[in-house]
>>> print(open('entry-v8.txt').read())   # compact mmCIF, C-alpha atoms
# COMPACT_ATOMS: atom_id res chain seq x y z
CA MET A 7 -12.27 -73.02 -13.60
CA ILE A 8 -14.00 -70.02 -15.16
CA TRP A 9 -14.89 -72.08 -18.23
CA ASP A 10 -16.22 -74.89 -15.99
CA LEU A 11 -18.44 -72.43 -14.16
CA PHE A 12 -19.82 -71.17 -17.44
CA LEU A 13 -20.51 -74.71 -18.72
CA ILE A 14 -22.21 -75.91 -15.57
CA PHE A 15 -24.45 -72.89 -15.23
CA PHE A 16 -25.23 -73.07 -18.93
CA LYS A 17 -26.39 -76.67 -18.42
CA ILE A 18 -28.44 -75.71 -15.38
CA GLY A 19 -29.88 -72.68 -17.19
CA LEU A 20 -30.93 -74.87 -20.09
CA LEU A 21 -32.98 -77.19 -17.86
CA SER A 22 -34.04 -74.77 -15.17
CA PHE A 23 -37.77 -75.04 -15.66
CA GLY A 24 -39.63 -73.55 -12.75
CA GLY A 25 -37.34 -70.62 -12.13
CA GLY A 26 -35.01 -69.76 -9.29
CA TYR A 27 -36.18 -71.91 -6.43
CA ALA A 28 -36.46 -75.10 -8.48
CA ILE A 29 -32.80 -74.88 -9.47
CA ILE A 30 -31.48 -74.67 -5.91
CA PRO A 31 -31.17 -78.49 -5.66
CA MET A 32 -29.28 -78.61 -8.98
CA ILE A 33 -26.90 -75.88 -7.90
CA GLU A 34 -26.39 -77.68 -4.60
CA HIS A 35 -25.58 -80.92 -6.36
CA GLU A 36 -23.00 -79.29 -8.64
CA ALA A 37 -21.49 -77.10 -5.94
CA LEU A 38 -21.04 -79.90 -3.39
CA ASN A 39 -20.04 -82.65 -5.82
CA GLY A 40 -17.61 -80.35 -7.59
CA ARG A 41 -16.17 -79.57 -4.15
CA TRP A 42 -16.58 -75.88 -4.81
CA LEU A 43 -18.30 -75.15 -1.55
CA LEU A 44 -18.88 -76.75 1.84
CA GLU A 45 -22.48 -77.33 2.91
CA ARG A 46 -22.30 -74.40 5.29
CA GLU A 47 -21.01 -72.13 2.53
CA PHE A 48 -23.75 -73.28 0.21
CA GLN A 49 -26.35 -72.40 2.85
CA GLU A 50 -24.81 -68.93 3.17
CA VAL A 51 -24.88 -68.49 -0.58
CA ILE A 52 -28.59 -69.34 -0.79
CA SER A 53 -29.43 -67.04 2.12
CA ILE A 54 -27.57 -64.14 0.52
CA ALA A 55 -29.07 -64.89 -2.92
CA GLY A 56 -32.54 -65.00 -1.37
CA MET A 57 -32.15 -61.74 0.50
CA SER A 58 -30.69 -59.89 -2.48
CA PRO A 59 -33.05 -58.19 -4.88
CA GLY A 60 -33.63 -59.67 -8.31
CA PRO A 61 -33.95 -63.19 -9.66
CA VAL A 62 -32.75 -65.93 -7.28
CA ALA A 63 -31.34 -68.04 -10.11
CA THR A 64 -28.92 -65.45 -11.44
CA ASN A 65 -28.14 -64.21 -7.94
CA SER A 66 -26.99 -67.64 -6.82
CA ALA A 67 -24.96 -68.12 -10.01
CA THR A 68 -23.25 -64.77 -9.39
CA LEU A 69 -22.52 -65.61 -5.77
CA ILE A 70 -21.12 -69.07 -6.42
CA GLY A 71 -19.02 -67.81 -9.31
CA TYR A 72 -17.68 -65.03 -7.09
CA ARG A 73 -16.83 -67.43 -4.27
CA VAL A 74 -15.15 -69.95 -6.52
CA ALA A 75 -13.19 -67.71 -8.85
CA GLY A 76 -13.66 -64.06 -7.90
CA PHE A 77 -15.15 -61.42 -10.17
CA GLY A 78 -14.36 -63.31 -13.39
CA GLY A 79 -16.10 -66.35 -11.99
CA ALA A 80 -19.15 -64.28 -11.11
CA VAL A 81 -19.34 -62.91 -14.65
CA SER A 82 -18.95 -66.30 -16.33
CA ALA A 83 -21.44 -68.11 -14.04
CA THR A 84 -24.06 -65.37 -14.48
CA PHE A 85 -23.51 -65.28 -18.21
CA GLY A 86 -23.82 -69.07 -18.38
CA MET A 87 -27.09 -68.85 -16.47
CA ILE A 88 -28.75 -66.22 -18.68
CA LEU A 89 -27.48 -67.27 -22.10
CA PRO A 90 -29.83 -70.29 -22.43
CA SER A 91 -32.79 -68.08 -21.51
CA LEU A 92 -31.89 -65.66 -24.27
CA ILE A 93 -31.49 -68.41 -26.87
CA ILE A 94 -34.62 -70.32 -25.83
CA ILE A 95 -36.79 -67.21 -25.69
CA ILE A 96 -35.76 -66.25 -29.21
CA VAL A 97 -36.48 -69.79 -30.46
CA ILE A 98 -39.85 -69.83 -28.67
CA SER A 99 -40.72 -66.43 -30.08
CA ILE A 100 -40.10 -67.72 -33.56
CA PHE A 101 -41.59 -71.22 -33.42
CA PHE A 102 -43.40 -72.18 -30.26
CA TYR A 103 -46.28 -69.72 -30.31
CA ARG A 104 -47.90 -72.03 -32.82
CA VAL A 105 -47.61 -75.32 -30.91
CA ARG A 106 -48.48 -73.81 -27.56
CA ASP A 107 -52.00 -75.21 -27.45
CA SER A 108 -51.16 -78.64 -28.83
CA LEU A 109 -51.86 -81.72 -26.70
CA TRP A 110 -48.16 -82.53 -27.01
CA MET A 111 -47.15 -79.34 -25.22
CA LYS A 112 -49.95 -79.62 -22.72
CA SER A 113 -49.03 -83.16 -21.72
CA THR A 114 -45.38 -82.15 -21.34
CA PHE A 115 -46.35 -79.46 -18.86
CA TYR A 116 -48.87 -81.77 -17.20
CA GLY A 117 -45.91 -83.92 -16.13
CA LEU A 118 -43.35 -81.16 -15.68
CA ARG A 119 -45.34 -79.00 -13.25
CA PRO A 120 -45.68 -81.61 -10.46
CA VAL A 121 -42.00 -82.57 -10.92
CA ILE A 122 -41.04 -78.94 -10.33
CA THR A 123 -43.36 -78.79 -7.32
CA GLY A 124 -41.49 -81.79 -5.91
CA LEU A 125 -38.14 -80.14 -6.63
CA ILE A 126 -39.06 -76.88 -4.91
CA ALA A 127 -40.46 -78.70 -1.87
CA PHE A 128 -37.26 -80.76 -1.75
CA ALA A 129 -35.20 -77.55 -1.88
CA ALA A 130 -37.05 -76.20 1.17
CA ILE A 131 -36.67 -79.44 3.14
CA ARG A 132 -32.98 -79.78 2.33
CA LEU A 133 -32.22 -76.21 3.28
CA GLY A 134 -34.17 -76.61 6.49
CA PHE A 135 -32.40 -79.74 7.73
CA MET A 136 -29.10 -79.94 5.91
CA GLY A 137 -26.89 -78.40 8.58
CA SER A 138 -28.12 -80.66 11.38
CA LYS A 139 -27.79 -84.23 10.23
CA GLN A 140 -26.73 -85.68 13.59
CA ASP A 141 -29.32 -84.21 15.84
CA ILE A 142 -32.30 -82.57 14.24
CA LEU A 143 -33.78 -81.34 17.50
CA THR A 144 -31.39 -78.69 18.73
CA TRP A 145 -32.18 -75.22 20.05
CA GLU A 146 -30.85 -73.82 16.84
CA SER A 147 -33.12 -75.84 14.58
CA LEU A 148 -36.03 -74.98 16.84
CA GLY A 149 -35.20 -71.28 16.43
CA ILE A 150 -35.03 -71.64 12.65
CA LEU A 151 -38.34 -73.51 12.70
CA ILE A 152 -39.99 -70.68 14.66
CA ILE A 153 -38.62 -68.14 12.17
CA ILE A 154 -39.86 -70.23 9.22
CA PHE A 155 -43.37 -70.41 10.68
CA ALA A 156 -43.42 -66.72 11.60
CA ALA A 157 -42.26 -65.80 8.09
CA LEU A 158 -44.84 -68.10 6.48
CA TYR A 159 -47.56 -66.60 8.62
CA GLY A 160 -46.52 -63.08 7.69
CA LEU A 161 -46.30 -63.90 3.98
CA MET A 162 -49.53 -65.87 3.65
CA LYS A 163 -51.83 -64.34 6.22
CA PHE A 164 -50.79 -60.68 6.21
CA LYS A 165 -49.25 -60.64 2.73
CA LEU A 166 -46.23 -58.80 4.06
CA HIS A 167 -43.58 -57.68 1.61
CA PRO A 168 -40.71 -60.16 1.22
CA LEU A 169 -38.23 -57.44 2.21
CA THR A 170 -40.12 -56.91 5.50
CA ILE A 171 -39.92 -60.64 6.12
CA ILE A 172 -36.20 -60.76 5.33
CA VAL A 173 -35.34 -57.80 7.59
CA GLY A 174 -37.65 -59.07 10.36
CA SER A 175 -36.16 -62.54 10.36
CA GLY A 176 -32.63 -61.09 10.36
CA ILE A 177 -33.55 -59.23 13.56
CA LEU A 178 -35.15 -62.37 15.02
CA GLY A 179 -31.96 -64.24 14.14
CA ILE A 180 -29.86 -61.75 16.10
CA ALA A 181 -32.27 -62.07 19.01
CA PHE A 182 -32.24 -65.90 18.95
CA PHE A 183 -28.72 -67.00 18.10
CA MET B 14 -33.31 -40.54 -51.87
CA ARG B 15 -32.56 -37.92 -49.28
CA THR B 16 -35.91 -38.48 -47.59
CA THR B 17 -35.34 -42.22 -47.21
CA MET B 18 -31.91 -41.54 -45.73
CA LYS B 19 -33.50 -39.11 -43.34
CA ALA B 20 -36.21 -41.62 -42.51
CA ASN B 21 -33.60 -44.31 -41.95
CA LYS B 22 -31.62 -42.08 -39.68
CA LYS B 23 -34.73 -41.19 -37.73
CA ASN B 24 -35.61 -44.85 -37.55
CA THR B 25 -32.19 -45.76 -36.15
CA GLU B 26 -32.49 -43.00 -33.58
CA LEU B 27 -35.91 -44.25 -32.55
CA LYS B 28 -34.58 -47.75 -32.28
CA ALA B 29 -31.60 -46.68 -30.18
CA GLY B 30 -34.02 -44.74 -28.01
CA LEU B 31 -36.22 -47.80 -27.57
CA LEU B 32 -33.22 -49.98 -26.66
CA PHE B 33 -32.12 -47.45 -24.09
CA GLN B 34 -35.63 -47.22 -22.66
CA LEU B 35 -35.84 -51.01 -22.39
CA LEU B 36 -32.50 -51.12 -20.64
CA TRP B 37 -33.52 -48.34 -18.27
CA ILE B 38 -36.91 -49.85 -17.37
CA PHE B 39 -35.32 -53.15 -16.40
CA VAL B 40 -32.41 -51.48 -14.63
CA ARG B 41 -34.95 -49.92 -12.30
CA ILE B 42 -37.04 -53.06 -11.78
CA GLY B 43 -34.29 -55.46 -10.67
CA PRO B 44 -32.94 -53.73 -7.55
CA VAL B 45 -36.35 -53.05 -5.98
CA THR B 46 -37.89 -56.51 -6.23
CA PHE B 47 -37.33 -58.99 -3.47
CA GLY B 48 -38.50 -62.58 -3.28
CA GLY B 49 -37.29 -63.84 -6.64
CA GLY B 50 -38.31 -63.28 -10.24
CA TYR B 51 -42.01 -63.70 -9.60
CA ALA B 52 -42.01 -60.55 -7.51
CA MET B 53 -41.01 -58.59 -10.63
CA ILE B 54 -44.06 -59.51 -12.68
CA PRO B 55 -46.47 -56.82 -11.40
CA MET B 56 -43.83 -54.12 -11.89
CA ILE B 57 -43.00 -55.30 -15.39
CA GLU B 58 -46.70 -55.23 -16.28
CA ARG B 59 -47.11 -51.73 -14.91
CA GLU B 60 -44.13 -50.34 -16.82
CA ILE B 61 -44.70 -52.06 -20.14
CA SER B 62 -48.42 -52.37 -20.61
CA ILE B 63 -50.05 -49.86 -18.27
CA LYS B 64 -47.68 -46.88 -18.34
CA ARG B 65 -46.25 -47.15 -21.84
CA LYS B 66 -48.93 -49.24 -23.55
CA TRP B 67 -46.28 -51.04 -25.59
CA LEU B 68 -48.13 -54.32 -25.32
CA ASP B 69 -51.79 -54.90 -24.55
CA GLU B 70 -52.94 -57.00 -21.64
CA GLU B 71 -53.51 -60.11 -23.69
CA GLN B 72 -50.05 -60.00 -25.30
CA MET B 73 -48.58 -59.41 -21.88
CA ASP B 74 -50.37 -62.41 -20.35
CA GLU B 75 -49.18 -64.63 -23.16
CA ILE B 76 -45.59 -63.43 -22.78
CA LEU B 77 -45.62 -63.91 -19.03
CA SER B 78 -47.06 -67.40 -19.16
CA LEU B 79 -44.45 -68.44 -21.72
CA ALA B 80 -41.74 -66.80 -19.58
CA GLY B 81 -42.88 -68.94 -16.66
CA ALA B 82 -42.91 -72.09 -18.73
CA ALA B 83 -39.53 -71.66 -20.41
CA PRO B 84 -36.39 -72.71 -18.55
CA GLY B 85 -34.52 -69.99 -16.70
CA GLY B 86 -35.43 -67.33 -14.20
CA VAL B 87 -38.90 -65.91 -14.78
CA GLY B 88 -37.75 -62.30 -14.50
CA VAL B 89 -34.94 -62.81 -16.99
CA ASN B 90 -37.22 -64.69 -19.39
CA ALA B 91 -39.92 -62.04 -19.23
CA ALA B 92 -37.35 -59.32 -19.90
CA ALA B 93 -35.93 -61.25 -22.87
CA PHE B 94 -39.39 -61.90 -24.32
CA ILE B 95 -40.54 -58.30 -24.03
CA GLY B 96 -37.25 -56.97 -25.39
CA TYR B 97 -37.39 -59.36 -28.34
CA ARG B 98 -41.03 -58.53 -29.05
CA LEU B 99 -40.36 -54.81 -29.12
CA ALA B 100 -36.92 -54.55 -30.68
CA GLY B 101 -35.64 -57.93 -31.86
CA ILE B 102 -32.49 -59.62 -30.63
CA ARG B 103 -30.87 -56.35 -29.61
CA GLY B 104 -33.97 -55.53 -27.59
CA ALA B 105 -33.76 -58.87 -25.82
CA ILE B 106 -30.09 -58.27 -25.00
CA ALA B 107 -30.80 -54.73 -23.75
CA ALA B 108 -33.62 -55.94 -21.49
CA ILE B 109 -31.57 -58.86 -20.10
CA ALA B 110 -28.60 -56.59 -19.48
CA GLY B 111 -30.91 -54.19 -17.67
CA ILE B 112 -32.34 -56.83 -15.40
CA THR B 113 -29.01 -58.55 -14.72
CA ILE B 114 -26.37 -55.85 -14.30
CA PRO B 115 -27.69 -53.93 -11.25
CA THR B 116 -28.47 -57.06 -9.23
CA PHE B 117 -25.14 -58.54 -10.35
CA ILE B 118 -23.35 -55.53 -8.86
CA ILE B 119 -25.44 -55.65 -5.67
CA VAL B 120 -24.80 -59.37 -5.19
CA CYS B 121 -21.04 -59.02 -5.76
CA PHE B 122 -21.00 -56.11 -3.33
CA LEU B 123 -22.98 -58.03 -0.69
CA SER B 124 -20.72 -61.03 -1.13
CA ALA B 125 -17.59 -58.90 -0.64
CA VAL B 126 -19.08 -57.15 2.41
CA TYR B 127 -20.24 -60.45 3.84
CA SER B 128 -16.79 -62.03 3.55
CA GLN B 129 -15.38 -59.07 5.52
CA TRP B 130 -17.88 -59.53 8.33
CA ALA B 131 -18.44 -63.28 8.08
CA ASP B 132 -16.93 -64.05 11.49
CA GLN B 133 -18.96 -61.47 13.42
CA PRO B 134 -21.40 -63.32 15.71
CA LYS B 135 -24.21 -60.82 15.01
CA VAL B 136 -23.80 -61.23 11.25
CA ILE B 137 -23.83 -65.01 11.58
CA ALA B 138 -26.98 -64.83 13.72
CA ALA B 139 -28.76 -62.44 11.32
CA LEU B 140 -27.92 -64.68 8.38
CA LYS B 141 -29.31 -67.69 10.23
CA GLY B 142 -32.57 -65.80 10.71
CA ILE B 143 -32.63 -64.81 7.05
CA HIS B 144 -32.02 -68.44 6.17
CA GLY B 145 -35.38 -69.19 7.82
CA ALA B 146 -37.07 -66.43 5.81
CA VAL B 147 -35.62 -67.78 2.57
CA ILE B 148 -36.96 -71.25 3.40
CA ALA B 149 -40.38 -69.68 3.99
CA LEU B 150 -40.19 -67.91 0.61
CA ILE B 151 -39.35 -71.22 -1.06
CA LEU B 152 -42.24 -72.95 0.71
CA VAL B 153 -44.63 -70.26 -0.52
CA ALA B 154 -43.32 -70.78 -4.05
CA ALA B 155 -43.84 -74.54 -3.67
CA TYR B 156 -47.38 -74.02 -2.38
CA ARG B 157 -48.34 -71.72 -5.24
CA MET B 158 -46.78 -74.07 -7.73
CA ALA B 159 -48.65 -77.01 -6.18
CA ARG B 160 -51.97 -75.21 -6.37
CA ASN B 161 -51.53 -74.94 -10.08
CA ALA B 162 -49.76 -78.22 -10.78
CA ILE B 163 -51.51 -80.74 -8.58
CA PHE B 164 -55.14 -81.36 -9.40
CA ASP B 165 -55.51 -85.13 -9.75
CA LYS B 166 -54.08 -88.33 -8.26
CA THR B 167 -51.46 -88.71 -10.97
CA THR B 168 -49.96 -85.25 -10.47
CA ALA B 169 -50.02 -85.64 -6.68
CA ALA B 170 -48.23 -88.99 -7.01
CA ILE B 171 -45.57 -87.54 -9.35
CA ALA B 172 -44.74 -84.71 -6.94
CA MET B 173 -44.54 -87.07 -3.96
CA VAL B 174 -42.40 -89.65 -5.75
CA ILE B 175 -39.98 -86.99 -7.05
CA MET B 176 -39.60 -85.50 -3.58
CA VAL B 177 -39.03 -88.86 -1.87
CA VAL B 178 -36.57 -90.06 -4.51
CA LEU B 179 -34.59 -86.84 -4.17
CA LEU B 180 -34.58 -87.09 -0.38
CA VAL B 181 -33.37 -90.68 -0.18
CA SER B 182 -31.18 -91.11 -3.25
CA GLY B 183 -28.84 -88.16 -3.73
CA ILE B 184 -29.40 -88.43 -7.48
CA ASN B 185 -28.61 -85.36 -9.58
CA PRO B 186 -31.85 -83.30 -9.56
CA ILE B 187 -31.30 -82.32 -13.18
CA TYR B 188 -32.38 -85.85 -14.19
CA MET B 189 -35.73 -85.20 -12.54
CA ILE B 190 -36.33 -82.36 -14.96
CA VAL B 191 -35.34 -84.59 -17.85
CA ILE B 192 -37.81 -87.22 -16.60
CA GLY B 193 -40.37 -84.46 -16.13
CA LEU B 194 -40.12 -83.50 -19.78
CA PHE B 195 -41.29 -86.97 -20.84
CA ILE B 196 -43.42 -88.33 -18.03
CA GLY B 197 -46.51 -86.27 -18.81
CA PHE B 198 -46.43 -87.35 -22.41
CA ILE B 199 -46.14 -91.02 -21.43
CA LEU B 200 -48.88 -90.80 -18.80
CA ILE B 201 -51.33 -88.99 -21.08
CA LYS B 202 -50.69 -91.55 -23.84
CA THR B 203 -51.25 -94.40 -21.39
CA LYS B 204 -54.45 -92.85 -20.13
CA GLN B 205 -55.66 -92.41 -23.68
CA LEU B 206 -54.93 -96.06 -24.47
CA LEU B 207 -56.75 -97.20 -21.33
CA GLY B 208 -59.65 -94.96 -22.19
CA ILE B 209 -59.37 -92.87 -19.03
CA GLU B 210 -60.65 -89.36 -19.30
CA ILE B 211 -57.73 -86.90 -19.53
CA ARG B 212 -57.33 -83.42 -18.28
CA THR B 213 -54.03 -81.66 -18.72
CA GLU B 214 -54.73 -78.50 -16.78
CA LYS B 215 -56.43 -77.44 -13.65
CA GLU B 216 -59.88 -76.04 -14.25
CA ARG B 217 -59.83 -72.38 -13.40
CA LEU B 218 -63.16 -71.45 -11.97
CA ASP B 219 -62.28 -68.68 -9.59
CA TYR B 220 -60.48 -65.64 -10.88
CA SER B 221 -61.45 -63.43 -7.97
CA ASP B 222 -58.51 -64.41 -5.76
CA GLU B 223 -55.59 -62.14 -6.55
CA ASP B 224 -53.05 -64.97 -6.51
CA SER B 225 -54.92 -66.95 -9.10
CA ASN B 226 -54.59 -64.08 -11.55
CA TYR B 227 -51.10 -65.27 -12.24
CA PRO B 228 -51.41 -69.04 -12.16
CA GLU B 229 -48.88 -69.81 -14.84
CA TYR B 230 -46.10 -67.79 -13.34
CA TYR B 231 -45.37 -70.86 -11.35
CA ILE B 232 -45.51 -72.81 -14.61
>>> encode(input="entry-v8.txt", output="structure tokens")
Amino acid sequence: MIWDLFLIFFKIGLLSFGGGYAIIPMIEHEALNGRWLLEREFQEVISIAGMSPGPVATNSATLIGYRVAGFGGAVSATFGMILPSLIIIIVISIFFYRVRDSLWMKSTFYGLRPVITGLIAFAAIRLGFMGSKQDILTWESLGILIIIFAALYGLMKFKLHPLTIIVGSGILGIAFF
Amino acid sequence: MRTTMKANKKNTELKAGLLFQLLWIFVRIGPVTFGGGYAMIPMIEREISIKRKWLDEEQMDEILSLAGAAPGGVGVNAAAFIGYRLAGIRGAIAAIAGITIPTFIIVCFLSAVYSQWADQPKVIAALKGIHGAVIALILVAAYRMARNAIFDKTTAAIAMVIMVVLLVSGINPIYMIVIGLFIGFILIKTKQLLGIEIRTEKERLDYSDEDSNYPEYYI
């Protein structure tokens, strides 16, 4: 199990262009298909990873590893997640600086950036509606929707600190649910 | 002979000192940044290029844009890049350890605490609220990414198609990244063959907006 966790997060780490939020759908796919977590548990994991300080990608790896196989699982999932970064960064430092401005690289990123945009948007939509497949319009989903809009407004309009937003929405959650 | 030995010893000490400093800088950055790896960038810049002047602004910008473009978390990538630049492979490992270990401990701790309190109604309610905040943070990331990634009909179409396919198909999202690695190349080649004018990046006209100072952090 610990070896599996390492392998899967290594694979995700290797292809996790776009950083933490873009990999949420990949983690979801592996976690649910591998029957590691229930949907509800996955949602909890992402909420805790998002409210914890530090990079979301490694945080979610740590959390899932911990849930699935305890402390050893957390270590192996986190290690699997960061090892590709280390290897790739060293390779890029040695070779890629030179090809950075080539049309080949530019056209790769021309296609990759909108794909990642789609992935991140998909992550947000899935997380917003995953728990309520039967009836989307419940009081609970309405409450979540209000919190999402309030948080967006605070982040974009008033440029509030993410921690303020996280604490504030936790309080709103207690008030609502 | 003796002087070179002395110099070597001094050199090793300096190097050990640098590794420790790298570790320490990143140990302090991780636990105070919320909202994902991107939130770390301003702090990393302040510590490395403003306070210590280890790298100049231009080197820093280059490192950060490559960190955003490479796979993996942006914070981890930036740490690895800076560590490698300053002190080789050991530097990269020191920086990554620094950025990973404190948050690793915090996350394990939170997870353990949460599992103790998971059935408390107030905890469940607070987490539901936080779930909303996390969705908002993701939407902001998507918006910033879109501002940089989507600037013509082709890129808009790619993003839409990817999102719809993911929503209706249940396909493994990792394949989308694999497709993403090739699709730009194919589209640019096709456009070249058809004689359509190509542009691979958004024109950056306005640098006054503070967000647009870091366009490539979102790849």
>>> atom_distance(input="entry-v8.txt", atom1="atom CA of Met32 of chain A", atom2="atom CA of Thr114 of chain A")
20.6 Å
>>> interface_residues(input="entry-v8.txt", of="chain A", to="chain B", cutoff="6 Å", atoms="only C-alpha atoms", output="PyMOL selection string")
chain A and resi 19+21-23+25-26+32+53+56+59-63+91+113-114+116-121+123-124+126-128+130+150+153-154+157-158+168-169+172+175-176+179-180+183
>>> write_last_selection(input="entry-v8.txt", atoms="C-alpha atoms", output="tab-separated table (two decimals), in the coordinates of the input")
chain	number	residue	atom	x	y	z
A	19	GLY	CA	-29.88	-72.68	-17.19
A	21	LEU	CA	-32.98	-77.19	-17.86
A	22	SER	CA	-34.04	-74.77	-15.17
A	23	PHE	CA	-37.77	-75.04	-15.66
A	25	GLY	CA	-37.34	-70.62	-12.13
A	26	GLY	CA	-35.01	-69.76	-9.29
A	32	MET	CA	-29.28	-78.61	-8.98
A	53	SER	CA	-29.43	-67.04	2.12
A	56	GLY	CA	-32.54	-65.00	-1.37
A	59	PRO	CA	-33.05	-58.19	-4.88
A	60	GLY	CA	-33.63	-59.67	-8.31
A	61	PRO	CA	-33.95	-63.19	-9.66
A	62	VAL	CA	-32.75	-65.93	-7.28
A	63	ALA	CA	-31.34	-68.04	-10.11
A	91	SER	CA	-32.79	-68.08	-21.51
A	113	SER	CA	-49.03	-83.16	-21.72
A	114	THR	CA	-45.38	-82.15	-21.34
A	116	TYR	CA	-48.87	-81.77	-17.20
A	117	GLY	CA	-45.91	-83.92	-16.13
A	118	LEU	CA	-43.35	-81.16	-15.68
A	119	ARG	CA	-45.34	-79.00	-13.25
A	120	PRO	CA	-45.68	-81.61	-10.46
A	121	VAL	CA	-42.00	-82.57	-10.92
A	123	THR	CA	-43.36	-78.79	-7.32
A	124	GLY	CA	-41.49	-81.79	-5.91
A	126	ILE	CA	-39.06	-76.88	-4.91
A	127	ALA	CA	-40.46	-78.70	-1.87
A	128	PHE	CA	-37.26	-80.76	-1.75
A	130	ALA	CA	-37.05	-76.20	1.17
A	150	ILE	CA	-35.03	-71.64	12.65
A	153	ILE	CA	-38.62	-68.14	12.17
A	154	ILE	CA	-39.86	-70.23	9.22
A	157	ALA	CA	-42.26	-65.80	8.09
A	158	LEU	CA	-44.84	-68.10	6.48
A	168	PRO	CA	-40.71	-60.16	1.22
A	169	LEU	CA	-38.23	-57.44	2.21
A	172	ILE	CA	-36.20	-60.76	5.33
A	175	SER	CA	-36.16	-62.54	10.36
A	176	GLY	CA	-32.63	-61.09	10.36
A	179	GLY	CA	-31.96	-64.24	14.14
A	180	ILE	CA	-29.86	-61.75	16.10
A	183	PHE	CA	-28.72	-67.00	18.10
>>> atom_distance(input="entry-v8.txt", atom1="atom CA of Ile33 of chain A", atom2="atom CA of Glu45 of chain A")
11.8 Å
>>> closest_residue(input="entry-v8.txt", among="B:Lys166, B:Asp69, B:Leu77, B:Gly96", to="Leu32 of chain B", atoms="only C-alpha atoms")
B:Gly96
>>> atom_distance(input="entry-v8.txt", atom1="atom CA of Gly71 of chain A", atom2="atom CA of Pro31 of chain A")
16.6 Å
>>> residues_around(input="entry-v8.txt", residues="Ala107 of chain B", least_positions_apart="3", cutoff="7 Å", atoms="all atoms listed in the file", output="short mmCIF file (atom, residue, chain, number, x, y, z; two decimals) with C-alpha atoms, keeping the file's coordinate frame")
data_model
loop_
_atom_site.label_atom_id
_atom_site.label_comp_id
_atom_site.auth_asym_id
_atom_site.auth_seq_id
_atom_site.Cartn_x
_atom_site.Cartn_y
_atom_site.Cartn_z
CA LEU B 32 -33.22 -49.98 -26.66
CA LEU B 35 -35.84 -51.01 -22.39
CA LEU B 36 -32.50 -51.12 -20.64
CA ARG B 103 -30.87 -56.35 -29.61
CA GLY B 104 -33.97 -55.53 -27.59
CA ALA B 110 -28.60 -56.59 -19.48
CA GLY B 111 -30.91 -54.19 -17.67
#
